[in-house]
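Dumped input.csv below, it's CSV, C-alpha atoms:
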chain,number,residue,atom,x,y,z
A,1,THR,CA,-5.0,11.6,33.9
A,2,ARG,CA,-5.0,11.1,30.2
A,3,GLY,CA,-5.0,14.4,28.4
A,4,PHE,CA,-3.7,16.4,31.4
A,5,ALA,CA,-0.7,18.6,30.6
A,6,LEU,CA,1.6,20.8,32.7
A,7,GLU,CA,2.7,24.0,30.9
A,8,ALA,CA,6.3,24.9,31.6
A,9,GLN,CA,5.5,28.7,31.6
A,10,GLN,CA,3.0,28.2,34.4
A,11,TYR,CA,5.4,26.2,36.7
A,12,PRO,CA,8.9,27.5,36.0
A,13,SER,CA,10.5,26.6,39.3
A,14,TYR,CA,9.1,23.0,39.1
A,15,PHE,CA,10.5,22.4,35.6
A,16,ALA,CA,13.8,24.1,36.3
A,17,SER,CA,14.4,21.8,39.3
A,18,LEU,CA,13.5,18.7,37.2
A,19,GLU,CA,15.9,19.7,34.5
A,20,GLU,CA,18.7,19.8,37.1
A,21,GLU,CA,17.9,17.0,39.5
A,22,ARG,CA,17.4,13.2,39.3
A,23,ILE,CA,14.6,13.3,41.9
A,24,LEU,CA,12.3,16.0,43.3
A,25,ALA,CA,11.3,15.2,46.9
A,26,ALA,CA,9.0,17.8,48.4
A,27,ASP,CA,7.9,16.7,51.9
A,28,ASP,CA,5.6,19.8,52.1
A,29,ALA,CA,4.7,20.5,48.5
A,30,ARG,CA,2.6,23.6,49.4
A,31,LYS,CA,5.5,25.3,50.9
A,32,ASP,CA,8.4,23.9,48.9
A,33,SER,CA,9.7,26.6,46.5
A,34,ARG,CA,9.9,24.1,43.7
A,35,THR,CA,6.3,22.9,44.0
A,36,CYS,CA,4.3,25.6,45.7
A,37,GLU,CA,3.2,26.9,42.2
A,38,PHE,CA,0.8,24.0,42.2
A,39,THR,CA,-0.9,24.8,45.5
A,40,ALA,CA,-4.0,26.7,44.4
A,41,SER,CA,-4.7,24.9,41.1
A,42,TYR,CA,-3.7,21.4,41.9
A,43,LEU,CA,-2.5,20.5,45.4
A,44,LYS,CA,-5.3,21.9,47.6
A,45,PRO,CA,-8.2,20.8,45.3
A,46,LEU,CA,-7.0,17.2,45.4
A,47,GLY,CA,-5.8,17.3,49.0
A,48,ILE,CA,-2.1,16.5,48.1
A,49,GLY,CA,0.5,17.4,50.7
A,50,ALA,CA,3.7,15.8,49.4
A,51,MET,CA,5.2,15.2,46.0
A,52,LEU,CA,8.0,12.8,44.9
A,53,ASP,CA,8.7,13.2,41.2
A,54,ALA,CA,11.3,11.7,38.8
A,55,PRO,CA,11.9,13.0,35.3
A,56,ILE,CA,11.7,10.8,32.3
A,57,ARG,CA,14.6,11.6,29.9
A,58,VAL,CA,15.0,10.3,26.4
A,59,GLY,CA,18.1,11.3,24.4
A,60,GLY,CA,18.9,13.9,27.1
A,61,GLU,CA,15.6,15.6,26.8
A,62,MET,CA,12.9,15.5,29.5
A,63,ILE,CA,9.7,14.2,27.9
A,64,GLY,CA,7.6,13.4,31.0
A,65,VAL,CA,7.5,12.8,34.8
A,66,VAL,CA,6.8,9.8,37.0
A,67,CYS,CA,4.7,11.4,39.8
A,68,HIS,CA,4.1,10.0,43.3
A,69,GLU,CA,1.8,12.1,45.5
A,70,ALA,CA,0.7,11.7,49.1
A,71,LEU,CA,-2.6,12.8,50.5
A,72,GLY,CA,-2.6,14.8,53.7
A,73,GLU,CA,-0.5,17.6,55.1
A,74,VAL,CA,3.1,16.5,54.8
A,75,ARG,CA,5.1,13.4,54.3
A,76,GLU,CA,8.8,12.8,54.8
A,77,TRP,CA,10.1,10.8,51.9
A,78,THR,CA,12.7,8.2,53.0
A,79,ASN,CA,15.9,7.6,51.2
A,80,GLU,CA,14.7,4.2,50.0
A,81,GLU,CA,11.5,5.8,48.6
A,82,GLN,CA,13.5,8.4,46.8
A,83,ALA,CA,15.8,5.8,45.3
A,84,LEU,CA,12.9,3.7,44.2
A,85,ALA,CA,11.2,6.7,42.6
A,86,ALA,CA,14.4,7.7,40.8
A,87,SER,CA,14.9,4.1,39.6
A,88,MET,CA,11.3,4.0,38.3
A,89,GLY,CA,12.0,7.2,36.3
A,90,ASP,CA,15.1,5.6,34.8
A,91,PHE,CA,13.3,2.4,34.0
A,92,VAL,CA,10.6,4.3,32.1
A,93,SER,CA,13.2,6.3,30.3
A,94,LEU,CA,15.0,3.1,29.2
A,95,ALA,CA,11.8,1.4,28.2
A,96,ILE,CA,10.8,4.3,25.9
A,97,GLU,CA,14.3,4.6,24.5
A,98,SER,CA,14.3,0.9,23.7
A,99,ALA,CA,10.9,1.0,22.1
A,100,GLU,CA,11.9,4.0,20.0
A,101,ARG,CA,15.1,2.4,19.0
A,102,ALA,CA,13.3,-0.8,17.9
A,103,ARG,CA,10.7,1.3,16.0
A,104,SER,CA,13.5,3.2,14.3
A,105,GLN,CA,15.2,0.0,13.3
A,106,GLN,CA,12.0,-1.4,11.9
A,107,GLU,CA,11.4,1.8,9.9
A,108,ASN,CA,15.0,1.8,8.6
A,109,ALA,CA,14.6,-1.8,7.6
A,110,ALA,CA,11.3,-1.1,5.9
A,111,MET,CA,12.7,1.9,4.1
A,112,THR,CA,15.7,-0.1,2.9
A,113,GLU,CA,13.4,-2.9,1.7
A,114,ARG,CA,11.3,-0.3,-0.2
A,115,LEU,CA,14.3,1.3,-1.7
A,116,ALA,CA,15.7,-2.0,-2.8
A,117,ARG,CA,12.3,-2.9,-4.4
A,118,VAL,CA,12.1,0.4,-6.2
A,119,ARG,CA,15.6,-0.1,-7.6
A,120,LYS,CA,14.9,-3.6,-8.6
A,121,MET,CA,11.7,-2.5,-10.3
A,122,GLU,CA,13.5,0.3,-12.2
A,123,ALA,CA,16.2,-2.2,-13.3
A,124,LEU,CA,13.6,-4.7,-14.4
A,125,GLY,CA,11.6,-2.0,-16.2
A,126,ARG,CA,14.7,-0.9,-18.2
A,127,LEU,CA,15.4,-4.5,-19.1
A,128,ALA,CA,11.8,-5.2,-20.0
A,129,GLY,CA,11.7,-2.1,-22.2
A,130,SER,CA,14.9,-2.9,-24.0
A,131,VAL,CA,13.9,-6.5,-24.6
A,132,ALA,CA,10.4,-5.5,-25.8
A,133,HIS,CA,11.7,-2.9,-28.3
A,134,ASP,CA,14.2,-5.4,-29.7
A,135,PHE,CA,11.6,-8.1,-29.8
A,136,ASN,CA,9.2,-5.8,-31.5
A,137,ASN,CA,11.6,-5.1,-34.3
A,138,VAL,CA,12.1,-8.8,-34.9
A,139,TRP,CA,8.4,-9.5,-34.6
A,140,SER,CA,7.6,-6.8,-37.2
A,141,ALA,CA,10.1,-8.2,-39.7
A,142,ILE,CA,8.7,-11.7,-39.3
A,143,GLN,CA,5.1,-10.5,-39.7
A,144,GLY,CA,6.0,-8.6,-42.9
A,145,SER,CA,7.7,-11.7,-44.4
A,146,ILE,CA,4.7,-13.9,-43.6
A,147,ASP,CA,2.4,-11.4,-45.3
A,148,LEU,CA,4.6,-11.6,-48.4
A,149,ILE,CA,4.6,-15.4,-48.3
A,150,ARG,CA,0.9,-15.5,-47.9
A,151,ARG,CA,0.4,-13.3,-50.9
A,152,ALA,CA,2.7,-15.5,-53.0
A,153,SER,CA,1.0,-18.7,-51.9
A,154,GLU,CA,-2.3,-17.4,-53.4
A,155,HIS,CA,-0.8,-17.9,-56.9
A,156,HIS,CA,0.4,-21.5,-56.4
A,157,GLY,CA,-1.5,-24.8,-56.6
A,158,ASP,CA,-1.7,-27.8,-54.2
A,159,GLY,CA,1.1,-26.7,-51.9
A,160,ALA,CA,-0.7,-23.5,-51.0
A,161,ALA,CA,-3.0,-25.2,-48.5
A,162,PHE,CA,-0.1,-26.8,-46.6
A,163,LEU,CA,1.8,-23.5,-46.7
A,164,GLU,CA,-1.3,-21.6,-45.4
A,165,GLU,CA,-1.6,-24.0,-42.5
A,166,GLU,CA,2.0,-23.6,-41.5
A,167,LEU,CA,1.6,-19.8,-41.8
A,168,GLY,CA,-1.4,-20.1,-39.5
A,169,HIS,CA,0.8,-21.8,-36.8
A,170,ILE,CA,3.4,-19.0,-37.2
A,171,ASP,CA,0.6,-16.4,-36.9
A,172,VAL,CA,-0.5,-18.0,-33.5
A,173,ALA,CA,3.1,-17.8,-32.3
A,174,ILE,CA,3.5,-14.2,-33.4
A,175,ASP,CA,0.2,-13.3,-31.7
A,176,ARG,CA,1.6,-14.7,-28.4
A,177,ALA,CA,4.8,-12.8,-29.0
A,178,GLY,CA,2.9,-9.6,-29.6
A,179,ARG,CA,1.0,-10.0,-26.3
A,180,LEU,CA,4.3,-10.5,-24.5
A,181,ILE,CA,5.6,-7.3,-26.1
A,182,GLN,CA,2.6,-5.4,-24.8
A,183,GLN,CA,3.1,-6.9,-21.4
A,184,LEU,CA,6.8,-5.9,-21.4
A,185,LEU,CA,6.1,-2.4,-22.7
A,186,GLY,CA,3.3,-1.9,-20.2
A,187,PHE,CA,5.5,-3.0,-17.3
A,188,SER,CA,8.4,-0.9,-18.4
A,189,ARG,CA,6.5,2.4,-19.0
A,190,HIS,CA,7.4,4.9,-16.4
A,191,GLU,CA,4.8,7.6,-16.8
A,192,HIS,CA,1.1,7.8,-17.2
A,193,ALA,CA,0.3,8.0,-20.9
A,194,ASP,CA,-2.7,10.3,-20.3
A,195,PRO,CA,-4.0,10.5,-16.7
A,196,GLN,CA,-7.6,11.8,-16.5
A,197,VAL,CA,-10.3,12.3,-14.0
A,198,MET,CA,-12.2,9.2,-14.9
A,199,ASN,CA,-15.4,7.4,-13.8
A,200,ALA,CA,-14.3,3.9,-13.0
A,201,ALA,CA,-17.9,2.7,-12.5
A,202,GLU,CA,-18.9,3.7,-16.0
A,203,ALA,CA,-15.7,2.3,-17.5
A,204,LEU,CA,-16.4,-1.1,-15.9
A,205,ARG,CA,-20.0,-1.1,-17.3
A,206,GLU,CA,-18.6,-0.4,-20.8
A,207,MET,CA,-16.0,-3.2,-20.4
A,208,ARG,CA,-18.7,-5.8,-19.4
A,209,PRO,CA,-19.2,-7.3,-22.9
A,210,MET,CA,-15.4,-7.6,-23.4
A,211,LEU,CA,-15.0,-9.2,-19.9
A,212,LEU,CA,-17.7,-11.7,-20.6
A,213,ARG,CA,-16.0,-12.8,-23.8
A,214,SER,CA,-12.7,-13.0,-22.0
A,215,LEU,CA,-14.1,-15.0,-19.0
A,216,GLY,CA,-16.1,-17.5,-21.2
A,217,ASP,CA,-19.4,-19.2,-20.7
A,218,THR,CA,-18.5,-21.1,-17.4
A,219,ILE,CA,-17.8,-18.0,-15.3
A,220,GLU,CA,-20.6,-15.7,-14.1
A,221,LEU,CA,-19.8,-12.0,-14.0
A,222,GLU,CA,-21.4,-9.7,-11.4
A,223,LEU,CA,-20.9,-5.9,-11.1
A,224,ARG,CA,-21.9,-4.2,-7.9
A,225,ILE,CA,-21.6,-0.4,-8.1
A,226,ASP,CA,-22.6,2.0,-5.3
A,227,ASP,CA,-24.6,5.1,-6.1
A,228,ASP,CA,-22.3,7.9,-7.2
A,229,PRO,CA,-18.9,6.5,-6.3
A,230,PRO,CA,-16.0,9.0,-6.4
A,231,ARG,CA,-13.8,9.5,-9.4
A,232,ALA,CA,-10.1,9.0,-9.6
A,233,SER,CA,-7.2,10.2,-11.7
A,234,PHE,CA,-6.1,7.4,-14.0
A,235,ASP,CA,-5.2,6.7,-17.6
A,236,PRO,CA,-8.4,5.0,-19.1
A,237,GLN,CA,-6.4,2.7,-21.3
A,238,GLU,CA,-4.2,1.6,-18.3
A,239,PHE,CA,-7.3,1.1,-16.2
A,240,GLU,CA,-8.7,-1.2,-18.9
A,241,HIS,CA,-5.4,-3.0,-18.9
A,242,LEU,CA,-5.5,-3.3,-15.1
A,243,VAL,CA,-9.0,-4.8,-15.1
A,244,ILE,CA,-8.3,-7.3,-17.9
A,245,ASN,CA,-5.2,-8.5,-16.0
A,246,LEU,CA,-7.2,-9.1,-12.8
A,247,ALA,CA,-10.0,-10.8,-14.8
A,248,SER,CA,-7.6,-13.0,-16.6
A,249,ASN,CA,-5.9,-13.9,-13.4
A,250,ALA,CA,-9.3,-14.8,-11.9
A,251,ARG,CA,-10.3,-16.8,-15.0
A,252,ASP,CA,-7.2,-19.0,-14.7
A,253,ALA,CA,-8.0,-19.6,-11.0
A,254,MET,CA,-11.4,-21.0,-12.0
A,255,PRO,CA,-10.7,-23.7,-14.7
A,256,ALA,CA,-14.0,-25.5,-13.9
A,257,GLY,CA,-16.0,-22.2,-13.8
A,258,GLY,CA,-17.2,-20.1,-11.0
A,259,LYS,CA,-18.1,-16.5,-10.2
A,260,LEU,CA,-16.3,-13.2,-10.6
A,261,ARG,CA,-17.7,-10.2,-8.7
A,262,SER,CA,-16.4,-6.6,-9.1
A,263,THR,CA,-17.5,-3.9,-6.7
A,264,VAL,CA,-17.0,-0.2,-7.0
A,265,ARG,CA,-17.6,2.0,-3.9
A,266,ALA,CA,-16.3,4.9,-1.8
A,267,ALA,CA,-14.0,4.2,1.2
A,268,GLY,CA,-12.6,6.2,4.1
A,269,ASP,CA,-13.4,7.3,7.7
A,270,GLY,CA,-14.3,11.0,7.1
A,271,PRO,CA,-17.5,12.6,5.8
A,272,GLU,CA,-16.0,12.9,2.4
A,273,PRO,CA,-14.7,9.7,0.6
A,274,GLU,CA,-10.9,9.4,0.8
A,275,TRP,CA,-10.7,6.5,-1.7
A,276,LEU,CA,-12.3,5.0,-4.7
A,277,GLU,CA,-12.3,1.3,-3.8
A,278,ILE,CA,-12.5,-1.4,-6.5
A,279,GLU,CA,-12.8,-5.0,-5.3
A,280,VAL,CA,-12.4,-8.0,-7.5
A,281,LEU,CA,-13.5,-11.3,-5.9
A,282,ASP,CA,-13.3,-14.8,-7.5
A,283,SER,CA,-14.6,-18.2,-6.3
A,284,GLY,CA,-11.5,-19.9,-7.6
A,285,GLU,CA,-8.9,-22.2,-6.2
A,286,GLY,CA,-7.2,-19.6,-3.9
A,287,ILE,CA,-3.5,-18.9,-3.5
A,288,PRO,CA,-1.3,-21.0,-1.2
A,289,PRO,CA,0.2,-19.0,1.7
A,290,GLU,CA,3.7,-19.7,0.5
A,291,VAL,CA,2.9,-18.2,-2.9
A,292,LEU,CA,0.9,-15.2,-1.7
A,293,PRO,CA,3.9,-13.0,-0.8
A,294,LEU,CA,5.4,-13.6,-4.3
A,295,ILE,CA,2.4,-12.8,-6.6
A,296,PHE,CA,3.4,-9.2,-7.4
A,297,GLU,CA,7.0,-10.1,-8.2
A,298,PRO,CA,7.9,-9.4,-11.8
A,299,PHE,CA,8.3,-12.6,-13.9
A,300,TYR,CA,7.1,-14.8,-11.2
A,301,SER,CA,4.4,-17.3,-12.4
A,302,THR,CA,3.0,-20.6,-11.2
A,303,LYS,CA,1.7,-21.4,-14.7
A,304,VAL,CA,3.3,-23.9,-17.1
A,305,MET,CA,6.0,-22.6,-19.3
A,306,GLY,CA,4.5,-20.4,-22.1
A,307,ALA,CA,1.1,-20.0,-20.4
A,308,GLY,CA,2.1,-16.8,-18.6
A,309,TRP,CA,5.1,-14.5,-18.1
A,310,GLY,CA,4.5,-13.3,-14.5
A,311,LEU,CA,3.9,-9.7,-15.5
A,312,GLY,CA,0.2,-9.3,-15.1
A,313,LEU,CA,0.0,-8.7,-11.3
A,314,ALA,CA,3.3,-6.9,-11.3
A,315,THR,CA,1.9,-4.5,-13.8
A,316,VAL,CA,-1.3,-4.1,-11.8
A,317,GLN,CA,0.6,-3.1,-8.7
A,318,ARG,CA,2.9,-0.7,-10.6
A,319,LEU,CA,-0.1,1.1,-12.2
A,320,ILE,CA,-1.9,1.5,-8.9
A,321,GLU,CA,1.0,2.6,-6.8
A,322,SER,CA,2.1,5.1,-9.5
A,323,ALA,CA,-1.4,6.7,-9.2
A,324,GLY,CA,-0.9,7.1,-5.4
A,325,GLY,CA,-3.0,4.1,-4.6
A,326,HIS,CA,-2.7,0.7,-2.9
A,327,VAL,CA,-3.6,-2.9,-3.7
A,328,PHE,CA,-4.4,-5.5,-1.1
A,329,VAL,CA,-5.0,-9.2,-1.6
A,330,ARG,CA,-6.7,-11.8,0.7
A,331,SER,CA,-6.8,-15.5,-0.3
A,332,GLN,CA,-7.0,-19.0,1.1
A,333,PRO,CA,-6.7,-22.3,-0.8
A,334,GLY,CA,-10.1,-23.4,-1.8
A,335,ASP,CA,-11.8,-20.2,-0.7
A,336,GLY,CA,-11.1,-17.9,-3.6
A,337,THR,CA,-9.2,-14.6,-3.8
A,338,VAL,CA,-10.1,-10.9,-3.2
A,339,PHE,CA,-8.1,-8.1,-4.7
A,340,ARG,CA,-8.9,-4.7,-3.2
A,341,ILE,CA,-7.7,-1.6,-5.0
A,342,ARG,CA,-7.8,1.9,-3.4
A,343,LEU,CA,-7.2,5.0,-5.5
A,344,PRO,CA,-7.2,8.6,-4.1
A,345,ALA,CA,-10.8,9.9,-4.5
A,346,ILE,CA,-11.6,13.0,-6.5
A,347,THR,CA,-14.9,14.6,-5.4
A,348,GLY,CA,-17.0,17.1,-7.2
A,349,ASP,CA,-16.5,17.6,-11.0
A,350,GLY,CA,-12.7,17.1,-10.6
A,351,THR,CA,-11.8,20.2,-12.7
A,352,ASP,CA,-9.2,21.3,-10.1
A,353,ALA,CA,-7.6,17.9,-9.9
A,354,ALA,CA,-4.0,17.4,-11.1
A,355,PRO,CA,-2.6,14.2,-12.4
A,356,ILE,CA,-1.5,12.0,-9.6
A,357,GLY,CA,2.0,10.7,-9.2
A,358,THR,CA,4.7,9.5,-11.6
A,359,ARG,CA,6.1,6.1,-12.2
A,360,VAL,CA,8.7,4.8,-9.8
Can you present the structure in this file as structure tokens?
Amino acid sequence: TRGFALEAQQYPSYFASLEEERILAADDARKDSRTCEFTASYLKPLGIGAMLDAPIRVGGEMIGVVCHEALGEVREWTNEEQALAASMGDFVSLAIESAERARSQQENAAMTERLARVRKMEALGRLAGSVAHDFNNVWSAIQGSIDLIRRASEHHGDGAAFLEEELGHIDVAIDRAGRLIQQLLGFSRHEHADPQVMNAAEALREMRPMLLRSLGDTIELELRIDDDPPRASFDPQEFEHLVINLASNARDAMPAGGKLRSTVRAAGDGPEPEWLEIEVLDSGEGIPPEVLPLIFEPFYSTKVMGAGWGLGLATVQRLIESAGGHVFVRSQPGDGTVFRIRLPAITGDGTDAAPIGTRV
């Protein structure tokens, strides 16, 4: 019966015999010294007269018993029945060992994959940080030179307009380079700048005007916020960066316009919320199944050269996992995309909450 347990200290003779024997055959279980301990509590109430039990051993340790019981007074177990019972015990043992071995192999493979991913992310983070800092030095020097040229052009005649136009083109390129630097620096950062117990719902409301400007006139923005959702520990600036990345990703998936819906709510199975859940849903083109497993890979992008660097979603995943959270995605071509973020919930006023996690 599910939930029924035999305590070794209550039935010492029975357990001692199972430890030593491959099969326990008790023709008269109520009188057999190995099983008579069961008489009052088990055998008589159920009308059992004979027991034929085989231990289940995994890794040399007994973890259970295959029990065969006969109703009535006594039963003489034949050699064939005893051999069958012993074989059944062995088969169950082998099945459990095989299942545990397969599970262990799966866990080892998953752990190896996670370790490889962490090491790759660390290496890419160091590379991104190094490139970003070097790039930033060059960018600053170019920007300073352009400022000097622009001031000088103000004192010249007809050529000044042409020079100003060319400087404008360079300015656009520098602006793109600056955004790339910020992406690289954001991806390479290994610690929260300033994790705080924050109200994500209020932060989203305050970001609404900025998001509307970013999305443009052809995309409708809808915010759905539950009453009093839990708070979470997160850097407010990084949260803003996370939301902008998701909104930009959704905007690019809806070139002809559409709808972006962001939902903030509590999640979990217990009476207290376990997670702050943020869902971002778009009505865009969706993600092909062959692309979906790759979207969080750093530097992976389906956009044309120069239109994206493949760091937006990689940064989103890094920020969320560093805060002890998870990000899930569901998408079908032609049916839009849903990103679901879960961050550990902080209930109450959050005064006792400590910053969550470090970068990995």
- Which residues, written as a list in words, have at least one atom at most 12 Å from A:Thr78, with all atoms listed in the file counted and residues fewer than 6 positions away on the same chain left out? Ala25, Ala26, Asp27, Leu52, Leu84 and Ala85 of chain A
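Minimum atom-to-atom distances from A:Leu215, A:Phe239, A:Arg224, A:Leu313 to A:Met254 were compared using all atoms listed in the file, and the lowest value belongs to A:Leu215.
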- Item | Residue with smallest distance to A:Ala232 - pool A:Asp217, A:Glu274, A:Glu285, A:Asp335, counting only C-alpha atoms |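 Among A:Asp217, A:Glu274, A:Glu285, A:Asp335, it is A:Glu274 that comes nearest to A:Ala232.
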- Smallest atom-to-atom distance to A:Pro236: which of A:Ile287, A:Leu319, A:Ala314, A:Leu163, using all atoms listed in the file? A:Leu319
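Shortest separation to A:Ser233 among A:Glu113, A:Glu206, A:Glu61, A:Asp194 occurs at residue A:Asp194, atoms counted being all atoms listed in the file.
Put simply, atom CA of A:Ala29 is 21.3 Å away from atom CA of A:Met62.
Reported to one decimal place, the separation of atom CA of A:Asp53 from atom CA of A:Ala8 is 15.3 Å.
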- Skip stretch 140-149 of chain A itself and residues of its chain fewer than 5 positions away, then list as a count of residues only all residues within 8 Å of it, counting all atoms listed in the file. 3
Could you rebuild stretch 314-322 of chain A with all heavy atoms and give it back as an mmCIF file, in the frame of the given file?
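See rebuild.cif below for the written result:
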data_model
loop_
_atom_site.group_PDB
_atom_site.id
_atom_site.type_symbol
_atom_site.label_atom_id
_atom_site.label_comp_id
_atom_site.auth_asym_id
_atom_site.auth_seq_id
_atom_site.Cartn_x
_atom_site.Cartn_y
_atom_site.Cartn_z
ATOM 1 N N ALA A 314 2.262 -7.883 -11.475
ATOM 2 C CA ALA A 314 3.300 -6.900 -11.300
ATOM 3 C C ALA A 314 2.924 -5.568 -11.921
ATOM 4 O O ALA A 314 3.136 -4.481 -11.371
ATOM 5 C CB ALA A 314 4.643 -7.388 -11.822
ATOM 6 N N THR A 315 2.337 -5.652 -13.121
ATOM 7 C CA THR A 315 1.900 -4.500 -13.800
ATOM 8 C C THR A 315 0.726 -3.803 -13.065
ATOM 9 O O THR A 315 0.649 -2.581 -12.938
ATOM 10 C CB THR A 315 1.452 -4.797 -15.251
ATOM 11 O OG1 THR A 315 2.561 -5.386 -15.941
ATOM 12 C CG2 THR A 315 0.990 -3.570 -15.998
ATOM 13 N N VAL A 316 -0.206 -4.616 -12.553
ATOM 14 C CA VAL A 316 -1.300 -4.100 -11.800
ATOM 15 C C VAL A 316 -0.821 -3.278 -10.587
ATOM 16 O O VAL A 316 -1.255 -2.144 -10.348
ATOM 17 C CB VAL A 316 -2.229 -5.244 -11.281
ATOM 18 C CG1 VAL A 316 -3.186 -4.768 -10.191
ATOM 19 C CG2 VAL A 316 -3.025 -5.830 -12.446
ATOM 20 N N GLN A 317 0.105 -3.842 -9.835
ATOM 21 C CA GLN A 317 0.600 -3.100 -8.700
ATOM 22 C C GLN A 317 1.347 -1.856 -9.071
ATOM 23 O O GLN A 317 1.175 -0.806 -8.429
ATOM 24 C CB GLN A 317 1.595 -4.047 -7.899
ATOM 25 C CG GLN A 317 2.097 -3.410 -6.599
ATOM 26 C CD GLN A 317 3.132 -4.274 -5.909
ATOM 27 O OE1 GLN A 317 4.127 -4.663 -6.507
ATOM 28 N NE2 GLN A 317 2.896 -4.584 -4.645
ATOM 29 N N ARG A 318 2.115 -1.899 -10.135
ATOM 30 C CA ARG A 318 2.900 -0.700 -10.600
ATOM 31 C C ARG A 318 1.918 0.408 -10.972
ATOM 32 O O ARG A 318 2.108 1.567 -10.597
ATOM 33 C CB ARG A 318 3.786 -1.070 -11.740
ATOM 34 C CG ARG A 318 4.605 0.104 -12.248
ATOM 35 C CD ARG A 318 5.368 -0.270 -13.486
ATOM 36 N NE ARG A 318 4.487 -0.740 -14.539
ATOM 37 C CZ ARG A 318 3.746 0.061 -15.301
ATOM 38 N NH1 ARG A 318 3.761 1.349 -15.113
ATOM 39 N NH2 ARG A 318 2.976 -0.445 -16.243
ATOM 40 N N LEU A 319 0.877 0.083 -11.742
ATOM 41 C CA LEU A 319 -0.100 1.100 -12.200
ATOM 42 C C LEU A 319 -0.784 1.752 -11.008
ATOM 43 O O LEU A 319 -0.950 2.969 -10.955
ATOM 44 C CB LEU A 319 -1.100 0.479 -13.133
ATOM 45 C CG LEU A 319 -0.591 -0.008 -14.497
ATOM 46 C CD1 LEU A 319 -1.711 -0.687 -15.266
ATOM 47 C CD2 LEU A 319 -0.013 1.140 -15.301
ATOM 48 N N ILE A 320 -1.190 0.934 -10.035
ATOM 49 C CA ILE A 320 -1.900 1.500 -8.900
ATOM 50 C C ILE A 320 -1.054 2.323 -8.005
ATOM 51 O O ILE A 320 -1.441 3.434 -7.612
ATOM 52 C CB ILE A 320 -2.536 0.279 -8.088
ATOM 53 C CG1 ILE A 320 -3.603 -0.438 -8.920
ATOM 54 C CG2 ILE A 320 -3.134 0.772 -6.776
ATOM 55 C CD1 ILE A 320 -4.013 -1.773 -8.365
ATOM 56 N N GLU A 321 0.128 1.850 -7.680
ATOM 57 C CA GLU A 321 1.000 2.600 -6.800
ATOM 58 C C GLU A 321 1.484 3.897 -7.492
ATOM 59 O O GLU A 321 1.689 4.920 -6.829
ATOM 60 C CB GLU A 321 2.201 1.763 -6.384
ATOM 61 C CG GLU A 321 1.808 0.625 -5.438
ATOM 62 C CD GLU A 321 3.000 -0.160 -4.930
ATOM 63 O OE1 GLU A 321 4.112 0.048 -5.475
ATOM 64 O OE2 GLU A 321 2.822 -0.978 -4.015
ATOM 65 N N SER A 322 1.646 3.865 -8.806
ATOM 66 C CA SER A 322 2.100 5.100 -9.500
ATOM 67 C C SER A 322 0.971 6.130 -9.490
ATOM 68 O O SER A 322 1.255 7.319 -9.635
ATOM 69 C CB SER A 322 2.379 4.716 -10.983
ATOM 70 O OG SER A 322 3.485 3.849 -11.047
#
